[in-house]
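protein_35.tsv (TSV, C-alpha atoms) appears below.
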chain	number	residue	atom	x	y	z
A	1	MET	CA	41.94	15.33	53.31
A	2	ALA	CA	38.62	17.20	53.47
A	3	TRP	CA	38.49	20.67	51.97
A	4	ASN	CA	37.80	23.23	54.68
A	5	VAL	CA	35.60	25.87	53.06
A	6	PHE	CA	35.73	28.01	56.22
A	7	LYS	CA	39.26	29.03	55.28
A	8	PHE	CA	37.55	31.47	52.94
A	9	CYS	CA	36.12	33.33	55.93
A	10	THR	CA	39.35	35.29	56.21
A	11	ALA	CA	38.98	36.33	52.59
A	12	LEU	CA	35.39	37.44	53.24
A	13	ARG	CA	36.56	39.65	56.12
A	14	ALA	CA	39.20	41.20	53.85
A	15	LEU	CA	36.52	42.06	51.27
A	16	GLY	CA	34.74	44.31	53.78
A	17	SER	CA	35.75	47.85	52.83
A	18	ILE	CA	36.23	46.85	49.19
A	19	MET	CA	32.58	45.84	48.85
A	20	ILE	CA	31.37	49.11	50.37
A	21	VAL	CA	33.50	51.07	47.91
A	22	PHE	CA	32.19	48.87	45.09
A	23	VAL	CA	28.56	49.53	46.06
A	24	LEU	CA	29.18	53.29	46.28
A	25	ALA	CA	30.95	53.20	42.91
A	26	ILE	CA	27.94	51.52	41.29
A	27	ILE	CA	25.68	54.17	42.81
A	28	GLY	CA	28.00	56.91	41.54
A	29	VAL	CA	28.09	55.60	37.95
A	30	THR	CA	24.32	55.12	38.01
A	31	TYR	CA	23.80	58.68	39.26
A	32	TYR	CA	26.00	60.06	36.50
A	33	ALA	CA	24.24	58.09	33.75
A	34	VAL	CA	20.69	58.89	34.88
A	35	VAL	CA	20.92	62.40	36.33
A	36	VAL	CA	23.98	64.11	34.87
A	37	ALA	CA	24.09	62.59	31.40
A	38	HIS	CA	20.43	62.24	30.48
A	39	TYR	CA	17.49	63.31	32.64
A	40	GLY	CA	19.13	66.37	34.18
A	41	PRO	CA	19.60	68.06	30.79
A	42	SER	CA	16.10	66.93	29.75
A	43	LEU	CA	14.64	69.32	32.33
A	44	PHE	CA	15.42	72.22	29.96
A	45	LEU	CA	13.92	70.70	26.79
A	46	GLY	CA	10.36	71.71	27.62
A	47	GLY	CA	7.10	69.93	26.95
A	48	SER	CA	6.58	66.26	27.72
A	49	ASP	CA	10.34	65.64	27.97
A	50	THR	CA	10.57	67.99	30.94
A	51	VAL	CA	7.54	66.45	32.66
A	52	PHE	CA	8.90	62.93	32.18
A	53	ALA	CA	12.34	64.00	33.43
A	54	VAL	CA	10.80	65.55	36.58
A	55	VAL	CA	8.94	62.30	37.36
A	56	VAL	CA	12.01	60.13	36.78
A	57	LEU	CA	14.33	62.35	38.81
A	58	PHE	CA	11.88	62.61	41.71
A	59	LEU	CA	11.41	58.84	41.93
A	60	PHE	CA	15.13	58.24	41.41
A	61	HIS	CA	16.21	60.52	44.25
A	62	PHE	CA	13.48	59.31	46.62
A	63	LEU	CA	14.43	55.67	46.10
A	64	LEU	CA	18.12	56.53	46.29
A	65	VAL	CA	17.61	58.09	49.73
A	66	MET	CA	15.75	54.98	50.91
A	67	VAL	CA	18.43	52.66	49.48
A	68	LEU	CA	21.23	54.58	51.21
A	69	TRP	CA	19.26	54.82	54.47
A	70	SER	CA	18.51	51.09	54.49
A	71	TYR	CA	22.03	50.17	53.40
A	72	SER	CA	23.73	52.26	56.06
A	73	SER	CA	21.34	50.86	58.68
A	74	VAL	CA	22.07	47.23	57.88
A	75	VAL	CA	25.82	47.91	57.64
A	76	LEU	CA	26.11	49.90	60.88
A	77	THR	CA	23.56	48.04	63.05
A	78	ASP	CA	24.87	45.21	65.17
A	79	PRO	CA	22.89	42.09	64.10
A	80	GLY	CA	22.65	40.99	67.71
A	81	GLY	CA	25.18	39.27	69.93
A	82	ILE	CA	24.59	37.08	72.97
A	83	PRO	CA	24.73	39.11	76.20
A	84	PRO	CA	27.70	38.24	78.46
A	85	ASN	CA	27.01	35.40	80.89
A	86	TRP	CA	23.63	34.66	79.29
A	87	ARG	CA	22.17	31.38	80.58
A	88	PRO	CA	18.99	29.60	79.48
A	89	LEU	CA	16.20	29.26	82.03
A	90	ARG	CA	14.41	26.62	79.98
A	91	ASP	CA	15.09	24.77	76.78
A	92	GLU	CA	13.05	26.87	74.38
A	93	GLU	CA	14.34	24.94	71.36
A	94	LYS	CA	12.93	21.66	72.67
A	95	GLY	CA	10.00	22.99	74.67
A	96	VAL	CA	11.08	21.34	77.92
A	97	ASP	CA	12.33	22.66	81.24
A	98	ASP	CA	15.95	23.52	81.46
A	99	PRO	CA	17.85	22.08	84.45
A	100	LEU	CA	19.26	25.55	85.06
A	101	VAL	CA	17.22	27.28	87.74
A	102	ASP	CA	16.93	31.07	88.03
A	103	SER	CA	18.23	32.48	91.30
A	104	GLY	CA	16.78	35.95	90.84
A	105	TYR	CA	18.80	38.73	89.28
A	106	GLY	CA	22.15	36.98	89.56
A	107	ILE	CA	23.67	34.13	87.62
A	108	PRO	CA	21.36	31.08	87.48
A	109	GLU	CA	22.19	28.47	90.06
A	110	LEU	CA	22.03	24.71	89.65
A	111	GLY	CA	20.13	22.14	91.64
A	112	SER	CA	22.03	19.73	93.85
A	113	ASN	CA	22.03	17.00	91.21
A	114	GLN	CA	22.49	19.21	88.17
A	115	SER	CA	25.50	20.26	86.16
A	116	ALA	CA	26.18	23.06	83.70
A	117	VAL	CA	29.18	21.36	82.15
A	118	PRO	CA	28.80	21.50	78.35
A	119	GLY	CA	28.14	18.04	77.00
A	120	ASP	CA	26.69	16.68	80.27
A	121	SER	CA	23.99	14.11	79.50
A	122	MET	CA	21.47	15.96	81.66
A	123	ASN	CA	22.01	19.09	79.56
A	124	GLN	CA	22.36	17.47	76.16
A	125	ASP	CA	19.35	19.38	74.75
A	126	ILE	CA	20.71	22.79	75.75
A	127	ARG	CA	22.46	24.59	72.91
A	128	PHE	CA	26.08	25.43	73.63
A	129	CYS	CA	28.63	27.01	71.29
A	130	HIS	CA	32.04	25.40	71.78
A	131	LYS	CA	33.72	28.10	69.67
A	132	CYS	CA	32.41	30.96	71.80
A	133	ASN	CA	32.36	28.79	74.93
A	134	GLN	CA	28.89	29.99	75.91
A	135	PHE	CA	25.24	28.96	75.83
A	136	LYS	CA	23.18	29.95	72.79
A	137	PRO	CA	19.64	31.39	72.85
A	138	PRO	CA	17.02	29.86	70.56
A	139	ARG	CA	17.67	30.46	66.84
A	140	ALA	CA	21.21	31.79	67.43
A	141	HIS	CA	24.05	30.47	65.26
A	142	HIS	CA	27.80	30.92	65.15
A	143	CYS	CA	29.20	33.03	62.30
A	144	SER	CA	32.64	31.90	61.19
A	145	VAL	CA	33.28	35.28	59.54
A	146	CYS	CA	32.32	37.45	62.54
A	147	LYS	CA	33.73	34.78	64.91
A	148	ARG	CA	30.79	35.05	67.31
A	149	CYS	CA	27.24	33.82	67.76
A	150	ILE	CA	24.51	35.94	66.14
A	151	LEU	CA	20.92	36.12	67.38
A	152	LYS	CA	18.50	34.67	64.81
A	153	MET	CA	21.27	34.62	62.24
A	154	ASP	CA	20.13	34.50	58.62
A	155	HIS	CA	23.45	34.68	56.78
A	156	HIS	CA	26.64	36.68	56.51
A	157	CYS	CA	26.25	39.12	53.62
A	158	VAL	CA	29.37	40.26	51.79
A	159	TRP	CA	27.49	43.18	50.21
A	160	VAL	CA	26.65	44.77	53.56
A	161	VAL	CA	29.87	43.63	55.25
A	162	ASN	CA	27.89	42.37	58.19
A	163	CYS	CA	25.87	39.48	59.48
A	164	VAL	CA	22.13	39.64	58.92
A	165	GLY	CA	20.46	38.78	62.21
A	166	ALA	CA	17.63	39.63	64.59
A	167	LEU	CA	18.42	43.34	64.95
A	168	ASN	CA	19.04	44.25	61.29
A	169	TYR	CA	17.04	41.70	59.27
A	170	LYS	CA	14.25	44.21	58.61
A	171	TYR	CA	16.79	46.75	57.36
A	172	PHE	CA	18.27	44.14	55.04
A	173	LEU	CA	14.85	43.34	53.56
A	174	LEU	CA	14.13	47.03	53.02
A	175	PHE	CA	17.52	47.40	51.34
A	176	LEU	CA	16.57	44.59	48.94
A	177	PHE	CA	13.12	46.07	48.34
A	178	TYR	CA	14.27	49.62	47.59
A	179	THR	CA	17.27	48.44	45.57
A	180	PHE	CA	14.94	46.35	43.41
A	181	LEU	CA	12.65	49.34	42.80
A	182	GLU	CA	15.61	51.65	42.10
A	183	THR	CA	17.32	49.28	39.67
A	184	MET	CA	13.99	48.63	37.92
A	185	LEU	CA	13.45	52.38	37.53
A	186	VAL	CA	16.98	52.89	36.20
A	187	SER	CA	16.67	50.00	33.76
A	188	LEU	CA	13.37	51.28	32.33
A	189	SER	CA	14.52	54.90	32.13
A	190	LEU	CA	17.76	53.99	30.34
A	191	LEU	CA	15.93	51.54	28.07
A	192	ARG	CA	14.03	54.56	26.76
A	193	VAL	CA	17.35	56.26	26.04
A	194	PHE	CA	18.62	53.25	24.09
A	195	MET	CA	15.37	52.97	22.14
A	196	GLU	CA	15.63	56.61	21.11
A	197	PHE	CA	19.27	56.07	20.13
A	198	PHE	CA	18.52	53.06	17.90
A	199	ASN	CA	15.47	54.75	16.35
A	200	ASP	CA	17.26	58.02	15.53
A	201	GLY	CA	20.64	56.48	14.78
A	202	GLU	CA	22.42	59.58	16.07
A	203	ILE	CA	25.16	59.59	18.70
A	204	VAL	CA	25.05	62.82	20.66
A	205	GLU	CA	26.84	61.52	23.75
A	206	THR	CA	30.57	61.41	24.20
A	207	PRO	CA	32.22	57.95	24.21
A	208	GLY	CA	32.65	58.17	27.98
A	209	THR	CA	28.97	59.00	28.55
A	210	LEU	CA	27.89	56.24	26.19
A	211	ALA	CA	30.11	53.72	28.00
A	212	ALA	CA	28.82	54.78	31.42
A	213	THR	CA	25.23	54.52	30.21
A	214	PHE	CA	25.77	51.05	28.75
A	215	ILE	CA	27.55	49.76	31.89
A	216	THR	CA	24.83	51.20	34.12
A	217	PHE	CA	22.08	49.63	32.04
A	218	VAL	CA	23.69	46.17	32.02
A	219	LEU	CA	24.49	46.25	35.76
A	220	ASN	CA	21.00	47.36	36.74
A	221	ILE	CA	19.34	44.71	34.56
A	222	ALA	CA	21.53	42.08	36.25
A	223	PHE	CA	20.65	43.42	39.71
A	224	VAL	CA	16.93	43.47	38.91
A	225	LEU	CA	16.93	39.80	37.96
A	226	SER	CA	19.13	38.61	40.85
A	227	ILE	CA	17.49	40.74	43.55
A	228	LEU	CA	14.01	39.70	42.42
A	229	GLY	CA	14.81	36.03	43.08
A	230	PHE	CA	16.47	36.88	46.38
A	231	LEU	CA	13.53	39.06	47.43
A	232	ILE	CA	10.98	36.34	46.63
A	233	MET	CA	12.99	33.85	48.68
A	234	HIS	CA	13.11	36.13	51.73
A	235	ILE	CA	9.42	36.99	51.47
A	236	SER	CA	8.67	33.27	51.69
A	237	LEU	CA	11.03	32.97	54.68
A	238	VAL	CA	9.30	35.84	56.48
A	239	GLY	CA	5.92	34.27	55.76
A	240	ALA	CA	7.05	31.02	57.39
A	241	ASN	CA	8.94	32.78	60.23
A	242	THR	CA	12.21	31.08	59.43
A	243	THR	CA	15.71	32.08	58.41
A	244	THR	CA	17.93	30.93	55.58
A	245	ILE	CA	19.92	28.75	57.98
A	246	GLU	CA	16.79	27.30	59.59
A	247	ALA	CA	15.26	26.56	56.21
A	248	TYR	CA	18.23	24.30	55.43
A	249	GLU	CA	18.39	22.81	58.92
A	250	LYS	CA	14.70	22.05	59.40
A	251	LYS	CA	13.53	18.51	59.00
A	252	THR	CA	10.62	17.78	56.68
A	253	SER	CA	8.02	18.43	59.35
A	254	PRO	CA	4.51	19.75	58.60
A	255	LYS	CA	4.79	22.17	61.51
A	256	TRP	CA	7.46	24.72	62.40
A	257	ARG	CA	7.37	25.75	66.03
A	258	TYR	CA	7.78	29.48	65.30
A	259	ASP	CA	5.21	29.64	62.48
A	260	LEU	CA	2.37	31.70	64.00
A	261	GLY	CA	0.58	32.59	60.78
A	262	TRP	CA	1.59	35.03	58.06
A	263	LYS	CA	0.46	38.21	59.85
A	264	LYS	CA	2.19	37.52	63.16
A	265	ASN	CA	5.27	36.22	61.36
A	266	PHE	CA	5.44	39.48	59.41
A	267	GLU	CA	5.03	41.55	62.59
A	268	GLN	CA	7.92	39.71	64.25
A	269	VAL	CA	10.21	41.21	61.61
A	270	PHE	CA	8.59	44.55	60.77
A	271	GLY	CA	6.72	45.34	64.00
A	272	THR	CA	3.05	46.21	64.46
A	273	GLU	CA	3.22	49.94	63.72
A	274	LYS	CA	2.31	50.31	60.03
A	275	LYS	CA	3.93	53.72	59.68
A	276	PHE	CA	7.31	52.12	60.48
A	277	TRP	CA	7.00	49.18	58.07
A	278	PHE	CA	8.76	50.88	55.16
A	279	ILE	CA	11.54	52.67	57.01
A	280	PRO	CA	14.60	51.14	58.72
A	281	ALA	CA	13.43	51.85	62.26
A	282	TYR	CA	11.07	50.54	64.95
A	283	SER	CA	8.64	52.34	67.20
A	284	GLU	CA	9.52	52.56	70.90
A	285	ASP	CA	6.28	50.75	71.77
A	286	ASP	CA	7.14	47.78	69.54
A	287	LEU	CA	10.62	47.52	71.02
A	288	LYS	CA	9.16	47.46	74.54
A	289	ARG	CA	6.28	45.02	74.01
A	290	MET	CA	7.84	42.64	71.47
A	291	PRO	CA	10.78	40.67	72.95
A	292	CYS	CA	11.33	38.95	69.59
A	293	LEU	CA	12.68	42.24	68.18
A	294	GLN	CA	15.53	41.93	70.71
A	295	GLY	CA	16.36	38.44	69.45
A	296	LEU	CA	16.31	36.50	72.73
A	297	LYS	CA	12.73	35.22	73.06
A	298	TYR	CA	10.27	34.05	70.41
A	299	PRO	CA	6.65	32.95	70.85
A	300	THR	CA	5.83	29.46	69.61
A	301	ARG	CA	2.80	27.65	68.28
A	302	PRO	CA	0.52	26.40	71.08
A	303	ASP	CA	-0.12	23.15	69.18
A	304	TRP	CA	3.54	22.41	68.48
A	305	GLU	CA	5.10	19.25	69.86
A	306	PRO	CA	8.70	18.14	69.36
A	307	PRO	CA	9.14	15.19	66.99
A	308	LEU	CA	9.31	11.80	68.69
A	309	ALA	CA	13.00	11.55	67.87
A	310	GLU	CA	13.65	14.71	69.90
A	311	GLN	CA	11.58	13.63	72.88
A	312	HIS	CA	13.76	10.63	73.66

Could you write out this structure as structure tokens?
Amino acid sequence: MAWNVFKFCTALRALGSIMIVFVLAIIGVTYYAVVVAHYGPSLFLGGSDTVFAVVVLFLFHFLLVMVLWSYSSVVLTDPGGIPPNWRPLRDEEKGVDDPLVDSGYGIPELGSNQSAVPGDSMNQDIRFCHKCNQFKPPRAHHCSVCKRCILKMDHHCVWVVNCVGALNYKYFLLFLFYTFLETMLVSLSLLRVFMEFFNDGEIVETPGTLAATFITFVLNIAFVLSILGFLIMHISLVGANTTTIEAYEKKTSPKWRYDLGWKKNFEQVFGTEKKFWFIPAYSEDDLKRMPCLQGLKYPTRPDWEPPLAEQH
């Protein structure tokens, strides 16, 4: 009998609140080790120690605000669900006309010889989710954890207790970016503490403070290394205008229909307004003029043609 890995989806749903508490606990221990135990008291030492402490504490709190802002945004923002009764007007995945014909503002009607029955041979190229019992827009995938289809789904992330999709992918990337900078800062600032400890050979901290400092240092080093690899992977995905799921599903084709060049690919995730690139928000103008930010329509390469196997 085949092993059904999707049985673990229930376990992933149960981890939800636990993971949020775990993330907040890590932040709390880190705050104690950096601010309360070490660099807060250094403010009163005077000289270069005070100047260095001011710089570290300023950067630490600024990055902490950005981490919490990005994290709460990706956790609380709906990744994008398919609107009720959504129907495709053309097969945007294949680049051919869809047999469903728009009847205006109502539900699309069918021609006299056409059928909307899922699995009909005339509609075999139209994407239909049998679990949700509805049509799927281009780049949408079904999440077995959320039990619904997600627009431009990248993956379901246990750390943010949410799917990462069209409407919160930017926030997720910013969360990775600021977490990497924060953990790097913490690692370097606590490395200085350990170097001073081993050079002087004196233990001035209590056992509890020493344990918290050691745990914080080890955890942040581990996060720096793991997040760096994850961040590099997602930067390459943004540059190619693809998702984690699509990267595994794509055939070895020299062209990807949604690859419009690095700049336009970047703008489809972060928008065109530069002042909004590094905050978890979009400008009103971008939301109005860029349908891809809503997750339902995506521009394609003008020179793209479906592979021969998909044309027949």

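Nearest residue to Asp78 of chain A, choosing from A:Gln294, A:Thr216, A:Thr30, A:Asn162 and counting only C-alpha atoms: A:Asn162.
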
(request) One decimal, Å: what's the distance from atom CA of Leu43 of chain A over to atom CA of Thr179 of chain A, could you say? (result) 24.9 Å

(message) What's around segment 192-196 of chain A at 12 Å? Count all atoms listed in the file, leave out sequence neighbours fewer than 2 positions away in its own chain, and write the answer as a PyMOL selection string.
(response) chain A and resi 33-34+37-39+42+49+52-53+56+185-190+198-205+210+213-214+216-218

(request) Skip segment 72-75 of chain A itself and residues of its chain fewer than 6 positions away, then list as a ChimeraX atom specification all residues within 8 Å of it, counting all atoms listed in the file. (result) /A:160-162,164,168-169,171-172,175,280

(message) One number please: atom CA of Lys263 of chain A to atom CA of Lys152 of chain A, in Å, one decimal.
(response) 19.0 Å

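Nearest to Pro302 of chain A of all the residues A:Thr244, A:Arg257, A:Arg148, A:Phe270 is A:Arg257, counting all atoms listed in the file.
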
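Atom CA of Trp262 of chain A is found 13.5 Å from atom CA of Thr300 of chain A.
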
(request) Would you be able to write out as number ranges by chain which residues have an atom within 9 Å of (26.1, 35.1, 78.0) in the file's coordinates, counting only C-alpha atoms? (result) A: 82-87, 134-136

(request) List every protein, DNA or RNA residue with an atom no more than 9 Å from (22.1, 39.0, 69.0) in the file's coordinates, counting only C-alpha atoms, and format the result as a VMD selection string. (result) chain A and resid 78 to 83 137 140 149 to 153 165 to 167 294 to 296

Take the residues that were just selected and, keeping C-alpha atoms, output them as an mmCIF file, in the frame of the given file.
data_model
loop_
_atom_site.group_PDB
_atom_site.id
_atom_site.type_symbol
_atom_site.label_atom_id
_atom_site.label_comp_id
_atom_site.auth_asym_id
_atom_site.auth_seq_id
_atom_site.Cartn_x
_atom_site.Cartn_y
_atom_site.Cartn_z
ATOM 1 C CA ASP A 78 24.870 45.210 65.170
ATOM 2 C CA PRO A 79 22.890 42.090 64.100
ATOM 3 C CA GLY A 80 22.650 40.990 67.710
ATOM 4 C CA GLY A 81 25.180 39.270 69.930
ATOM 5 C CA ILE A 82 24.590 37.080 72.970
ATOM 6 C CA PRO A 83 24.730 39.110 76.200
ATOM 7 C CA PRO A 137 19.640 31.390 72.850
ATOM 8 C CA ALA A 140 21.210 31.790 67.430
ATOM 9 C CA CYS A 149 27.240 33.820 67.760
ATOM 10 C CA ILE A 150 24.510 35.940 66.140
ATOM 11 C CA LEU A 151 20.920 36.120 67.380
ATOM 12 C CA LYS A 152 18.500 34.670 64.810
ATOM 13 C CA MET A 153 21.270 34.620 62.240
ATOM 14 C CA GLY A 165 20.460 38.780 62.210
ATOM 15 C CA ALA A 166 17.630 39.630 64.590
ATOM 16 C CA LEU A 167 18.420 43.340 64.950
ATOM 17 C CA GLN A 294 15.530 41.930 70.710
ATOM 18 C CA GLY A 295 16.360 38.440 69.450
ATOM 19 C CA LEU A 296 16.310 36.500 72.730
#

(message) Which residues are close to Lys147 of chain A, i.e. within 10 Å by only C-alpha atoms, leaving aside same-chain residues fewer than 4 positions away? Reply as a PyMOL selection string.
(response) chain A and resi 9+131-132+142-143

Could you write out as JSON the box around segment 208-213 of chain A (axis-aligned, all atoms listed in the file, 3 Å on each side), with centre and edge lengths in Å to one decimal?
{"center_x": 28.9, "center_y": 56.4, "center_z": 28.8, "size_x": 13.4, "size_y": 11.3, "size_z": 11.2}

(request) Write out as number ranges by chain which residues come within 12 Å of Gly229 of chain A when counting all atoms listed in the file, dropping same-chain ones fewer than 6 positions away. (result) A: 176-177, 180, 222-223, 235-236
